[in-house]
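Undergrad: My structure is in run30.csv, and what it holds is CSV, C-alpha atoms and all ligand atoms:
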chain,number,residue,atom,x,y,z
D,1,MET,CA,0.0,0.0,0.0
D,2,ILE,CA,2.7,2.4,1.0
D,3,LYS,CA,4.7,1.5,-2.1
D,4,LYS,CA,1.6,2.4,-4.3
D,5,ILE,CA,1.2,5.7,-2.5
D,6,LEU,CA,4.9,6.5,-3.1
D,7,ILE,CA,4.6,5.6,-6.8
D,8,ALA,CA,1.5,7.7,-7.2
D,9,LEU,CA,3.2,10.6,-5.4
D,10,ALA,CA,6.3,10.3,-7.6
D,11,LEU,CA,4.0,10.4,-10.7
D,12,LEU,CA,2.2,13.4,-9.4
D,13,ILE,CA,5.5,15.2,-8.9
D,14,ILE,CA,6.7,14.3,-12.4
D,15,ILE,CA,3.4,15.5,-13.9
D,16,GLY,CA,3.6,18.7,-11.8
D,17,ILE,CA,7.2,19.4,-13.1
D,18,CYS,CA,6.0,18.8,-16.7
D,19,VAL,CA,3.1,21.3,-16.2
D,20,VAL,CA,5.5,23.8,-14.7
D,21,VAL,CA,8.1,23.4,-17.5
D,22,PHE,CA,5.7,23.3,-20.5
D,23,TYR,CA,2.9,25.6,-19.4
D,24,VAL,CA,3.8,27.8,-16.5
D,25,ALA,CA,7.3,28.6,-17.8
D,26,ASP,CA,5.7,29.9,-21.0
D,27,GLN,CA,3.1,31.9,-19.0
D,28,VAL,CA,5.8,33.4,-16.9
D,29,ASP,CA,7.8,34.3,-20.0
D,30,ALA,CA,4.8,35.8,-21.7
D,31,GLY,CA,3.8,37.8,-18.6
D,32,PHE,CA,7.3,39.3,-18.1
D,33,ASN,CA,7.9,40.2,-21.8
D,34,PRO,CA,4.8,42.0,-23.1
D,35,THR,CA,4.5,44.6,-25.8
D,36,TYR,CA,2.3,47.7,-25.5
D,37,ILE,CA,1.2,47.8,-29.1
D,38,GLU,CA,-1.0,44.9,-30.2
D,39,LYS,CA,-0.6,42.9,-33.4
D,40,PRO,CA,-1.4,43.2,-36.2
D,41,TYR,CA,0.8,46.3,-36.4
D,42,SER,CA,-0.3,49.0,-38.8
D,43,PHE,CA,2.8,50.0,-40.8
D,44,THR,CA,3.0,52.9,-43.2
D,45,GLU,CA,4.1,51.9,-46.7
D,46,ARG,CA,7.2,54.2,-46.6
D,47,SER,CA,8.5,52.7,-43.4
D,48,VAL,CA,8.1,49.1,-44.7
D,49,LYS,CA,9.8,50.0,-48.0
D,50,LEU,CA,12.7,51.7,-46.1
D,51,LEU,CA,13.2,48.7,-43.9
D,52,GLU,CA,13.3,46.5,-47.0
D,53,ARG,CA,16.1,48.7,-48.5
D,54,LEU,CA,18.3,48.2,-45.4
D,55,ASP,CA,20.8,45.4,-46.0
D,56,PHE,CA,22.0,45.2,-42.4
D,57,VAL,CA,19.8,45.8,-39.3
D,58,GLY,CA,21.2,44.8,-35.9
D,59,ASP,CA,20.3,44.9,-32.3
D,60,MET,CA,22.9,44.9,-29.5
D,61,HIS,CA,20.8,43.5,-26.6
D,62,CYS,CA,18.2,40.8,-25.9
D,63,ASP,CA,17.8,38.5,-23.0
D,64,ALA,CA,15.9,35.8,-24.8
D,65,MET,CA,18.2,33.0,-23.5
D,66,MET,CA,16.8,33.6,-20.0
D,67,TRP,CA,13.6,31.9,-21.1
D,68,GLN,CA,12.8,28.4,-22.2
D,69,ARG,CA,11.9,29.2,-25.8
D,70,ASN,CA,13.2,27.2,-28.7
D,71,MET,CA,14.8,30.0,-30.8
D,72,ASN,CA,14.1,28.2,-34.1
D,73,LYS,CA,10.4,28.2,-33.6
D,74,ARG,CA,8.0,31.1,-33.9
D,75,HIS,CA,6.2,32.1,-30.7
D,76,ASN,CA,3.2,34.3,-30.1
D,77,PHE,CA,4.7,35.7,-26.9
D,78,GLY,CA,7.9,37.4,-25.9
D,79,HIS,CA,9.9,39.4,-28.4
D,80,VAL,CA,12.6,37.4,-30.2
D,81,ASP,CA,13.0,34.1,-32.0
D,82,ILE,CA,14.7,33.4,-35.3
D,83,PRO,CA,11.5,33.3,-37.5
D,84,ARG,CA,10.5,36.7,-36.1
D,85,LEU,CA,14.0,38.2,-36.6
D,86,GLN,CA,13.8,36.9,-40.3
D,87,GLU,CA,10.4,38.4,-40.7
D,88,GLY,CA,11.6,41.7,-39.2
D,89,ASN,CA,14.6,41.9,-41.5
D,90,ILE,CA,17.0,41.9,-38.5
D,91,ALA,CA,20.3,40.5,-39.6
D,92,PHE,CA,22.1,40.5,-36.3
D,93,GLN,CA,21.0,40.0,-32.7
D,94,ALA,CA,23.2,40.0,-29.6
D,95,PHE,CA,21.9,37.5,-27.0
D,96,THR,CA,23.0,38.5,-23.5
D,97,MET,CA,23.0,36.2,-20.5
D,98,VAL,CA,21.4,37.1,-17.2
D,99,THR,CA,22.6,34.8,-14.4
D,100,LYS,CA,21.5,36.5,-11.2
D,101,SER,CA,18.9,39.1,-10.5
D,102,PRO,CA,17.9,40.5,-7.1
D,103,ASP,CA,14.4,40.4,-5.5
D,104,GLY,CA,12.7,43.7,-5.5
D,105,LEU,CA,14.9,44.8,-8.4
D,106,ASN,CA,15.1,48.6,-8.6
D,107,ASN,CA,17.1,51.3,-10.3
D,108,ASP,CA,18.7,52.8,-7.2
D,109,THR,CA,20.0,50.3,-4.6
D,110,ASN,CA,20.1,46.5,-4.8
D,111,ASP,CA,22.3,44.2,-2.7
D,112,ALA,CA,23.6,40.8,-3.8
D,113,ASN,CA,21.8,38.7,-1.1
D,114,SER,CA,18.8,37.5,-3.1
D,115,ASP,CA,18.3,36.0,-6.6
D,116,ARG,CA,15.2,35.5,-8.7
D,117,ILE,CA,17.0,33.5,-11.4
D,118,THR,CA,17.4,30.5,-9.1
D,119,GLY,CA,13.6,30.0,-9.0
D,120,LEU,CA,13.4,30.5,-12.8
D,121,VAL,CA,16.0,27.9,-13.7
D,122,ILE,CA,14.5,25.4,-11.2
D,123,GLY,CA,11.0,26.1,-12.7
D,124,GLN,CA,12.4,25.6,-16.2
D,125,ALA,CA,13.9,22.2,-15.0
D,126,LYS,CA,17.3,23.3,-16.1
D,127,PRO,CA,20.3,20.9,-15.2
D,128,ILE,CA,20.9,20.8,-11.5
D,129,SER,CA,24.4,22.4,-11.9
D,130,THR,CA,22.6,25.6,-13.0
D,131,TRP,CA,20.6,25.7,-9.7
D,132,PHE,CA,23.8,26.4,-7.8
D,133,SER,CA,26.4,27.8,-10.2
D,134,LEU,CA,26.2,31.1,-12.0
D,135,PHE,CA,28.9,30.0,-14.4
D,136,ALA,CA,26.9,26.8,-15.2
D,137,ARG,CA,23.9,29.0,-15.9
D,138,ALA,CA,26.0,31.1,-18.4
D,139,LYS,CA,27.4,27.9,-20.0
D,140,ASN,CA,23.9,26.4,-20.3
D,141,GLN,CA,22.6,29.5,-22.1
D,142,CYS,CA,25.7,29.6,-24.5
D,143,ASN,CA,25.2,25.9,-25.3
D,144,ARG,CA,21.5,26.3,-26.0
D,145,LEU,CA,22.1,29.1,-28.4
D,146,ARG,CA,24.8,27.1,-30.2
D,147,ARG,CA,22.5,24.1,-30.4
D,148,ALA,CA,19.9,26.4,-32.0
D,149,ALA,CA,22.5,27.5,-34.6
D,150,ASN,CA,23.7,24.0,-35.2
D,151,ASN,CA,20.1,23.0,-36.0
D,152,ASN,CA,19.3,25.9,-38.3
D,153,GLU,CA,21.1,26.5,-41.6
D,154,PHE,CA,20.0,30.1,-41.6
D,155,PHE,CA,21.3,31.0,-38.1
D,156,SER,CA,25.0,31.4,-37.3
D,157,LEU,CA,27.0,32.3,-34.2
D,158,ILE,CA,29.7,34.9,-35.1
D,159,GLY,CA,33.0,34.8,-33.3
D,160,SER,CA,35.5,36.7,-35.5
D,161,LYS,CA,35.9,39.3,-38.2
D,162,GLY,CA,36.3,36.5,-40.7
D,163,GLU,CA,33.1,34.8,-39.7
D,164,PHE,CA,31.3,38.1,-39.8
D,165,GLU,CA,32.5,38.8,-43.3
D,166,GLN,CA,31.4,35.3,-44.4
D,167,PHE,CA,28.0,35.9,-42.8
D,168,LEU,CA,27.6,39.2,-44.7
D,169,GLU,CA,28.4,37.3,-48.0
D,170,LYS,CA,25.8,34.7,-47.1
D,171,ARG,CA,23.2,37.4,-46.3
D,172,LYS,CA,23.8,39.0,-49.7
D,173,GLN,CA,22.6,35.7,-51.3
D,174,ASN,CA,19.7,35.2,-48.9
D,175,ARG,CA,18.2,37.6,-46.4
D,176,LYS,CA,16.9,34.7,-44.3
D,177,HIS,CA,20.4,34.4,-42.7
D,178,VAL,CA,20.6,35.7,-39.1
D,179,GLY,CA,23.8,36.2,-37.2
D,180,ALA,CA,24.3,36.4,-33.4
D,181,PHE,CA,26.8,36.4,-30.7
D,182,LEU,CA,26.6,36.1,-26.9
D,183,GLY,CA,27.1,38.6,-24.2
D,184,ALA,CA,27.2,38.4,-20.4
D,185,GLU,CA,25.3,40.8,-18.2
D,186,GLY,CA,27.5,41.0,-15.1
D,187,GLY,CA,30.8,39.4,-14.3
D,188,HIS,CA,29.4,37.5,-11.2
D,189,CYS,CA,29.0,34.5,-13.7
D,190,LEU,CA,32.9,34.3,-13.5
D,191,GLU,CA,32.5,33.2,-9.9
D,192,GLY,CA,35.7,35.1,-9.1
D,193,ASN,CA,37.8,32.9,-11.4
D,194,ILE,CA,39.8,34.8,-14.1
D,195,GLU,CA,40.2,31.6,-16.2
D,196,ASN,CA,36.4,31.7,-16.7
D,197,VAL,CA,36.8,34.7,-19.0
D,198,GLN,CA,38.7,32.5,-21.5
D,199,LYS,CA,36.1,29.7,-21.0
D,200,LEU,CA,33.2,32.1,-21.8
D,201,PHE,CA,35.1,33.3,-24.9
D,202,ASP,CA,35.5,29.7,-26.0
D,203,LEU,CA,31.7,29.3,-25.5
D,204,GLY,CA,31.1,32.2,-27.9
D,205,VAL,CA,30.8,35.2,-25.6
D,206,ARG,CA,32.1,38.3,-27.4
D,207,MET,CA,30.6,41.1,-25.3
D,208,PHE,CA,30.8,41.4,-21.6
D,209,GLY,CA,29.5,43.8,-19.0
D,210,PRO,CA,31.3,43.9,-15.6
D,211,THR,CA,28.2,44.4,-13.4
D,212,HIS,CA,24.4,44.0,-13.6
D,213,PHE,CA,21.9,45.1,-10.9
D,214,PHE,CA,24.2,44.6,-7.8
D,215,ASP,CA,27.8,45.1,-6.9
D,216,ASN,CA,29.9,42.0,-7.5
D,217,GLU,CA,33.5,40.7,-7.4
D,218,LEU,CA,34.5,43.1,-10.3
D,219,GLY,CA,33.1,46.3,-8.9
D,220,GLY,CA,30.1,48.5,-8.5
D,221,SER,CA,26.8,48.5,-10.3
D,222,ALA,CA,24.9,51.7,-11.2
D,223,HIS,CA,22.1,50.1,-9.1
D,224,GLY,CA,24.3,48.6,-6.4
D,225,VAL,CA,24.9,49.6,-2.7
D,226,LYS,CA,28.4,51.1,-2.9
D,227,LYS,CA,28.7,52.0,-6.6
D,228,ASP,CA,32.5,51.7,-6.4
D,229,GLY,CA,35.0,51.4,-9.3
D,230,LEU,CA,36.8,48.3,-10.5
D,231,THR,CA,38.3,46.0,-7.9
D,232,PRO,CA,41.8,44.5,-8.6
D,233,PHE,CA,39.9,41.4,-9.9
D,234,GLY,CA,37.7,43.6,-12.1
D,235,LYS,CA,40.8,45.2,-13.6
D,236,ASN,CA,42.3,41.8,-14.3
D,237,VAL,CA,39.1,40.9,-16.1
D,238,ILE,CA,39.3,44.0,-18.3
D,239,ARG,CA,42.9,43.2,-19.1
D,240,GLU,CA,41.9,39.6,-20.1
D,241,MET,CA,39.1,41.0,-22.2
D,242,ASP,CA,41.6,43.3,-23.9
D,243,ARG,CA,43.8,40.3,-24.6
D,244,LEU,CA,40.9,38.3,-26.1
D,245,GLY,CA,39.3,41.1,-27.9
D,246,MET,CA,35.9,40.9,-26.1
D,247,ILE,CA,33.7,43.9,-26.5
D,248,ILE,CA,33.4,45.9,-23.3
D,249,ASP,CA,29.8,46.7,-22.4
D,250,ILE,CA,29.4,49.4,-19.7
D,251,SER,CA,25.6,49.0,-19.4
D,252,HIS,CA,24.7,48.9,-15.7
D,253,SER,CA,28.2,49.9,-14.6
D,254,SER,CA,28.7,52.5,-11.9
D,255,SER,CA,30.1,55.9,-13.1
D,256,LYS,CA,33.3,55.0,-11.3
D,257,ILE,CA,33.7,51.8,-13.3
D,258,ILE,CA,33.1,53.6,-16.5
D,259,LYS,CA,36.0,56.1,-15.7
D,260,ASP,CA,38.2,53.2,-14.5
D,261,ILE,CA,37.7,51.3,-17.8
D,262,VAL,CA,38.3,54.3,-20.0
D,263,SER,CA,41.6,55.0,-18.1
D,264,MET,CA,42.9,51.5,-18.6
D,265,THR,CA,42.0,50.5,-22.2
D,266,ASP,CA,42.5,52.0,-25.6
D,267,ARG,CA,39.8,49.9,-27.1
D,268,PRO,CA,36.2,51.1,-27.7
D,269,ILE,CA,33.6,50.9,-25.0
D,270,ILE,CA,29.9,50.5,-25.8
D,271,THR,CA,26.6,50.4,-24.0
D,272,SER,CA,24.5,47.6,-25.4
D,273,HIS,CA,21.2,49.0,-24.0
D,274,THR,CA,20.8,52.4,-22.3
D,275,GLY,CA,19.0,55.7,-22.2
D,276,VAL,CA,20.5,59.2,-21.8
D,277,ASP,CA,20.2,61.6,-18.9
D,278,GLY,CA,19.4,64.4,-21.3
D,279,THR,CA,15.9,62.9,-21.8
D,280,CYS,CA,15.6,60.5,-18.8
D,281,PRO,CA,17.9,61.3,-15.9
D,282,SER,CA,18.6,58.0,-14.1
D,283,ASN,CA,21.3,55.9,-12.5
D,284,ARG,CA,21.3,53.5,-15.4
D,285,ASN,CA,21.5,56.2,-18.1
D,286,LEU,CA,24.4,58.0,-19.6
D,287,SER,CA,25.5,61.6,-18.8
D,288,ASP,CA,26.6,63.9,-21.6
D,289,GLU,CA,30.2,63.3,-20.4
D,290,GLU,CA,29.8,59.6,-20.6
D,291,LEU,CA,28.4,59.9,-24.1
D,292,GLN,CA,31.5,61.9,-25.0
D,293,LEU,CA,33.8,59.2,-23.5
D,294,ILE,CA,32.1,56.5,-25.6
D,295,ALA,CA,32.4,58.5,-28.7
D,296,GLN,CA,36.0,59.4,-28.1
D,297,SER,CA,36.7,55.6,-27.7
D,298,GLY,CA,35.1,54.8,-31.0
D,299,GLY,CA,32.3,52.9,-29.3
D,300,LEU,CA,28.5,52.7,-29.7
D,301,VAL,CA,25.4,53.7,-27.7
D,302,GLY,CA,22.6,51.1,-28.0
D,303,ILE,CA,19.3,53.0,-27.3
D,304,GLY,CA,16.9,50.9,-25.3
D,305,PHE,CA,13.2,50.4,-26.1
D,306,PHE,CA,12.0,50.2,-22.4
D,307,GLU,CA,10.7,52.6,-19.8
D,308,LEU,CA,13.7,52.5,-17.4
D,309,ALA,CA,15.8,53.8,-20.3
D,310,THR,CA,13.5,56.4,-21.9
D,311,CYS,CA,11.1,57.3,-19.0
D,312,ALA,CA,8.0,56.5,-21.0
D,313,ASN,CA,6.3,53.6,-22.8
D,314,THR,CA,6.2,55.4,-26.1
D,315,ILE,CA,8.1,55.1,-29.4
D,316,GLN,CA,8.6,58.9,-29.3
D,317,SER,CA,10.6,58.5,-26.1
D,318,ILE,CA,13.0,56.1,-27.9
D,319,VAL,CA,13.4,58.5,-30.8
D,320,ASP,CA,13.9,61.4,-28.3
D,321,ALA,CA,16.8,59.5,-26.8
D,322,MET,CA,18.3,59.0,-30.3
D,323,LEU,CA,17.8,62.7,-31.2
D,324,TYR,CA,19.5,63.8,-28.0
D,325,THR,CA,22.4,61.4,-28.5
D,326,LYS,CA,22.8,62.7,-32.1
D,327,LYS,CA,22.9,66.2,-30.7
D,328,ILE,CA,25.7,65.5,-28.2
D,329,ILE,CA,27.9,63.0,-30.1
D,330,GLY,CA,26.6,62.5,-33.6
D,331,VAL,CA,24.5,59.9,-35.4
D,332,GLU,CA,27.5,57.6,-36.2
D,333,TYR,CA,27.7,56.3,-32.6
D,334,ILE,CA,24.0,55.3,-32.2
D,335,CYS,CA,22.7,51.7,-32.6
D,336,LEU,CA,19.7,49.7,-31.4
D,337,GLY,CA,19.7,48.2,-27.9
D,338,SER,CA,16.2,47.0,-27.5
D,339,ASP,CA,16.5,44.9,-24.4
D,340,PHE,CA,14.0,42.5,-26.0
D,341,ASP,CA,12.9,39.8,-23.6
D,342,GLY,CA,14.7,41.5,-20.7
D,343,THR,CA,11.6,41.4,-18.4
D,344,VAL,CA,10.6,44.7,-20.1
D,345,ASN,CA,7.5,46.1,-21.8
D,346,THR,CA,8.6,47.1,-25.4
D,347,PRO,CA,6.4,48.8,-28.0
D,348,PHE,CA,6.7,45.8,-30.4
D,349,ASP,CA,8.5,42.5,-30.9
D,350,ALA,CA,11.3,41.8,-33.4
D,351,THR,CA,8.8,42.2,-36.3
D,352,GLY,CA,7.8,45.8,-35.5
D,353,LEU,CA,10.7,48.0,-36.6
D,354,PRO,CA,8.7,49.9,-39.3
D,355,LEU,CA,6.8,51.5,-36.4
D,356,LEU,CA,10.2,52.9,-35.1
D,357,ILE,CA,11.3,53.9,-38.6
D,358,GLU,CA,8.0,55.8,-39.2
D,359,SER,CA,8.6,57.8,-36.0
D,360,MET,CA,12.2,58.5,-36.9
D,361,LEU,CA,11.1,59.9,-40.3
D,362,GLU,CA,8.4,62.0,-38.6
D,363,ASN,CA,11.1,63.4,-36.3
D,364,GLY,CA,13.3,64.4,-39.1
D,365,PHE,CA,15.9,61.6,-39.4
D,366,THR,CA,17.0,61.2,-43.0
D,367,GLU,CA,17.1,57.8,-44.6
D,368,GLU,CA,20.9,57.7,-44.4
D,369,GLU,CA,20.8,58.5,-40.7
D,370,ILE,CA,18.2,55.7,-40.2
D,371,ARG,CA,20.4,53.3,-42.1
D,372,LEU,CA,23.3,54.1,-39.8
D,373,ILE,CA,21.3,53.7,-36.6
D,374,MET,CA,19.4,50.6,-37.7
D,375,GLY,CA,22.6,48.7,-38.3
D,376,GLU,CA,25.3,50.2,-40.5
D,377,ASN,CA,27.2,51.7,-37.5
D,378,LEU,CA,27.1,48.2,-35.9
D,379,LYS,CA,28.3,46.5,-39.0
D,380,GLN,CA,31.3,48.9,-39.3
D,381,PHE,CA,32.0,48.5,-35.6
D,382,PHE,CA,32.2,44.7,-36.0
D,383,LEU,CA,34.3,44.8,-39.1
D,384,LYS,CA,36.8,46.9,-37.1
D,385,ASN,CA,36.5,45.5,-33.6
D,386,LEU,CA,35.6,41.8,-33.6
D,387,PRO,CA,38.6,39.5,-32.8
D,388,ASP,CA,40.6,38.3,-35.8
A,1,ZN,ZN,20.2,45.0,-18.8
Do you think you could lay out the structure here as structure tokens?
Ligand SMILES: [Zn+2]
TA:
Amino acid sequence: MIKKILIALALLIIIGICVVVFYVADQVDAGFNPTYIEKPYSFTERSVKLLERLDFVGDMHCDAMMWQRNMNKRHNFGHVDIPRLQEGNIAFQAFTMVTKSPDGLNNDTNDANSDRITGLVIGQAKPISTWFSLFARAKNQCNRLRRAANNNEFFSLIGSKGEFEQFLEKRKQNRKHVGAFLGAEGGHCLEGNIENVQKLFDLGVRMFGPTHFFDNELGGSAHGVKKDGLTPFGKNVIREMDRLGMIIDISHSSSKIIKDIVSMTDRPIITSHTGVDGTCPSNRNLSDEELQLIAQSGGLVGIGFFELATCANTIQSIVDAMLYTKKIIGVEYICLGSDFDGTVNTPFDATGLPLLIESMLENGFTEEEIRLIMGENLKQFFLKNLPD
């Protein structure tokens, strides 16, 4: 009798886990990554035609790997998957990895004592190693994206200038080709071990931000408690990134870290997803001085599509951040940094760029400027700055 009860109990637990993985995980995903404009989107003809004329559109930030979606399948929730990138004429998407995120996450002060991602990876029935190790979480996300690329002839991970050039050739033949690389949001996934920088590089990580929402072993977050500069370990990580040619992403870094990085490297620094103080003053956004530092380094400013970056849930607020950045440093440093699937409410998913293009036209951006912001700046940056 007891044996039967135990078997029944075990079956119930297994069924419960399946329900969580296949149903609740998708519900959670859909709930955290909404859009505020409903489909079907109403595009103007001129914006659709202009998007069609662009040969390279790219986006420097999405957190889609945090969720359980199969990237090769189309979904009717969340923001990004390969079919929707293809439909939206997006040639390149950076996939960034979130490995730890505090409870009660806020813009001003978060400590490192809590973590919402642990519950998420358990709920998604990820390998047990990922329940306890931040590095294992990063590795799992890298491997999942690589598997998606291995199973899709039109989707490639790009690791070098040569691979990027090959990708551009393939895309000339067929616009269904989508390229990507991986980035890390926060160096806590290194678990304090400098050798893990090389390991992440080997797994395909080409962009790396020292901190996310809380201070870590590398230094202070813009939203942390102390907001310090780089620690000695953080400086070693930047040196290792310089050696490997990894792109330095200062999104979420404290102002002190930004200054520290600029003083120790000659390479360009970028923000993969941000707003600007000029239109939305905030801890996470860039001051005019920081915009100048990025421009002087030859970097890029990826303008985010979400309220924390632009202070409003409107497309106009995204375009306002672009206009302001153009005024301070010029249009050649601006790119897209949507933060798709980053637990944010965005205007549209990966298929909705004509809505942004229309607003840019209405606000006086020329077609050439739109071409630069939508992807040409990013393309030139990769041709110059990806590792050989
Ligand atoms: Zn972020």
Undergrad: Give me the residues within 8 Å of segment 140-149 of chain D as a PyMOL selection string, counting only C-alpha atoms and dropping any in the same chain fewer than 6 places off.
TA: chain D and resi 65-66+70-72+97+130+155-157+182+203-205
Undergrad: So the first atom is atom CA of Cys280 of chain D and the second is atom CA of Asp320 of chain D; what is the distance between them in Å, to one decimal place?
TA: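 Atom CA of Asp320 of chain D lies at a distance of 9.7 Å from atom CA of Cys280 of chain D.
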Undergrad: Using only C-alpha atoms, find all polymer residues with an atom at most 8 Å away from the point (30.7, 42.7, -22.1); report them as a ChimeraX atom specification.
TA: /D:183-186,206-210,246-250
Undergrad: Identify which of the residues D:Phe306, D:Tyr333, D:Phe43, D:Phe181 lies closest to ligand ZN 1 (chain A), counting only C-alpha atoms and all ligand atoms when measuring atom-to-atom distances.
TA: D:Phe306
Undergrad: Could you tell me how far atom CA of Phe213 of chain D sits from atom CA of Asn110 of chain D, in Å to one decimal place?
TA: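 About the pair atom CA of Asn110 of chain D and atom CA of Phe213 of chain D: they are 6.5 Å apart.
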Undergrad: Which residues form the shell of 7 Å around ligand ZN 1 (chain A) when you count only C-alpha atoms and all ligand atoms, given as a ChimeraX atom specification?
TA: /D:185,212,251-252,273,339,342
Undergrad: Using all atoms listed in the file, which residue out of D:Gly245, D:Tyr36, D:Thr351, D:Leu6 lies closest to Thr314 of chain D?
TA: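 The shortest atom-to-atom distance to Thr314 of chain D comes from D:Tyr36.
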Undergrad: So, counting only C-alpha atoms, which residue among D:Ser129, D:Asn283, D:Gln86, D:Asn236 is closest to Asn196 of chain D?
TA: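 For Asn196 of chain D, the nearest of the given residues is D:Asn236.
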Undergrad: List the neighbours of Gln380 of chain D out to 12 Å using only C-alpha atoms; skip same-chain residues closer than 6 positions along the sequence, and give me the result as an mmCIF file with C-alpha atoms, keeping the file's coordinate frame.
TA:
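Saved as out.cif:
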data_model
loop_
_atom_site.group_PDB
_atom_site.id
_atom_site.type_symbol
_atom_site.label_atom_id
_atom_site.label_comp_id
_atom_site.auth_asym_id
_atom_site.auth_seq_id
_atom_site.Cartn_x
_atom_site.Cartn_y
_atom_site.Cartn_z
ATOM 1 C CA PHE D 56 22.000 45.200 -42.400
ATOM 2 C CA VAL D 57 19.800 45.800 -39.300
ATOM 3 C CA GLY D 58 21.200 44.800 -35.900
ATOM 4 C CA LYS D 161 35.900 39.300 -38.200
ATOM 5 C CA PHE D 164 31.300 38.100 -39.800
ATOM 6 C CA GLU D 165 32.500 38.800 -43.300
ATOM 7 C CA LEU D 168 27.600 39.200 -44.700
ATOM 8 C CA GLY D 298 35.100 54.800 -31.000
ATOM 9 C CA GLY D 299 32.300 52.900 -29.300
ATOM 10 C CA LEU D 300 28.500 52.700 -29.700
ATOM 11 C CA GLU D 332 27.500 57.600 -36.200
ATOM 12 C CA TYR D 333 27.700 56.300 -32.600
ATOM 13 C CA CYS D 335 22.700 51.700 -32.600
ATOM 14 C CA LEU D 372 23.300 54.100 -39.800
ATOM 15 C CA ILE D 373 21.300 53.700 -36.600
ATOM 16 C CA LEU D 386 35.600 41.800 -33.600
#
Undergrad: Considering all atoms listed in the file, can you say which of D:Ser160, D:Ser114, D:Ser133, D:Asn150 comes closest to Asp388 of chain D?
TA: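 Smallest distance to Asp388 of chain D is found for D:Ser160.
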Undergrad: One number please: atom CA of Asn285 of chain D to atom CA of Lys227 of chain D, in Å, one decimal.
TA: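 Atom CA of Lys227 of chain D lies 14.2 Å from atom CA of Asn285 of chain D.
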Undergrad: Skip Ala112 of chain D itself and residues of its chain fewer than 4 positions away, then list as a PyMOL selection string all residues within 12 Å of it, counting all atoms listed in the file.
TA: chain D and resi 100-105+116+186+188+211-217+220-221+223-226
Undergrad: For Thr279 of chain D, list every protein, DNA or RNA residue within 8 Å, evaluated using only C-alpha atoms, and leave out those in the same chain fewer than 2 positions away; present the list as a list in words.
TA: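 Selected residues are Gly275, Val276, Asp277, Pro281, Thr310, Cys311, Asp320, Ala321 and Tyr324 of chain D.
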Undergrad: Compare D:Ala125, D:Val48, D:Ile269, D:Val178 by their minimum atom-to-atom distance to Ile90 of chain D, counting all atoms listed in the file, and give me the closest one.
TA: D:Val178
